[in-house]
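Scroll down for the structure; my scribbles are underneath it.
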Amino acid sequence: MKIRLLSAALLAGMAVAQVASAQDFDDRWYLSGSAGYNLQDEDRRTDDAYALGLGVGKFISPVWSVEGALNYQNPSFKHNSDLLWSQYGVSVDLRRHFISEGRNWSPYVLFGLGYQRSEEEYVPTGGTTSPLQREDGNLAAKVGVGVQSDFSRRVAVRAELATRFDFDDQSYAAESGTDSSGYPHQMEESYFSDVIASIGVVIPLGPEPTAPV
């Protein structure tokens, strides 16, 4: 009987501990949206452009969050604005938040890994005057810093500065050999580094979790 009572007490204690652990941070799923500016790598031969982002994620611990995110940019070529160029991708982003009690905002560092796709129109040197198109996808990595408010006002605000490394080694604009206008330039690139500055919102889904008693 004593063993049964002790086992029941242990099970009850473990259940209470699990509930308390689950409620010591806000682990609701959330949606995120952002708009910003993409400072393009100069070797792309493109102008800087606006950038849009959408994501869904959640906190997996009191200080770590994980998020799946989509991004889109549509800059113009510097040498020929009639040629089209667009870039979009998906990533899994991990953020480490530095939360301090009594403060409703926190800085964070960001690490991300994903897939980036480029669609590039080009006119071959010495070839046809009609543009051709290259469509290619590549691995991309991202590092950055930011600051985010908490969910106390229902909607959190986020500001972020990140560098994305796009391992695109097939860009026509960055290949060797130039025409009379200097396009493309005489370098072969194995990756590009773009800087993205953005501001956005984070919207938690569902009711606010109840604090443990």
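Identifiers in the structure tokens: chain A, B, ... in order shown; residue index from 1 per chain; ligand index from 1 in order shown.
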
(request) Write out as a count of residues only which residues come within 10 Å of A:Ser91 when counting only C-alpha atoms, dropping same-chain ones fewer than 6 positions away. (result) 16

(request) Would you work out the distance separating atom CA of A:Ser198 from atom CA of A:Ser100, expressed in Å to one decimal? (result) 23.6 Å

(request) Could you tell me which of A:Val123, A:Tyr50, A:Arg117, A:Asp150 comes closest to A:Glu135 if we count only C-alpha atoms? (result)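 So, comparing all the options, the nearest one is A:Arg117.
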
(request) Would you work out the distance separating atom CA of A:His97 from atom CA of A:Ser61, expressed in Å to one decimal? (result) 10.0 Å

(message) Env of stretch 163-168 of chain A: 7 Å cut, atoms = only C-alpha atoms, seq-sep filter 2 positions within chain, self excluded. Answer as a VMD selection string.
(response) chain A and resid 116 138 to 144 170 to 171 190 to 196

(request) Could you tell me, as a ChimeraX atom specification, which residues of stretch 48-209 of chain A DSSP assigns to strand (DSSP E) when given the backbone? (result) /A:49-59,64-73,85-97,105-122,132-149,156-166,192-204

(request) Assign secondary structure with DSSP using the backbone only, and return the residues of stretch 7-209 of chain A in helix (DSSP H, G or I) as a list in words. (result)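 Across stretch 7-209 of chain A, those assigned helix (DSSP H, G or I) are Ser7, Ala8, Ala9, Leu10, Leu11, Ala12, Gly13, Met14, Ala15, Val16, Ala17, Gln18, Val19, Ala20, Ser21, Ala22, Glu42, Asp43, Arg44, Phe151, Ser152 and Arg153 of chain A.
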
(message) Using Å and a single decimal, report how far atom CA of A:Ser32 sits from atom CA of A:Ser76.
(response)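 About the pair atom CA of A:Ser76 and atom CA of A:Ser32: they are 26.8 Å apart.
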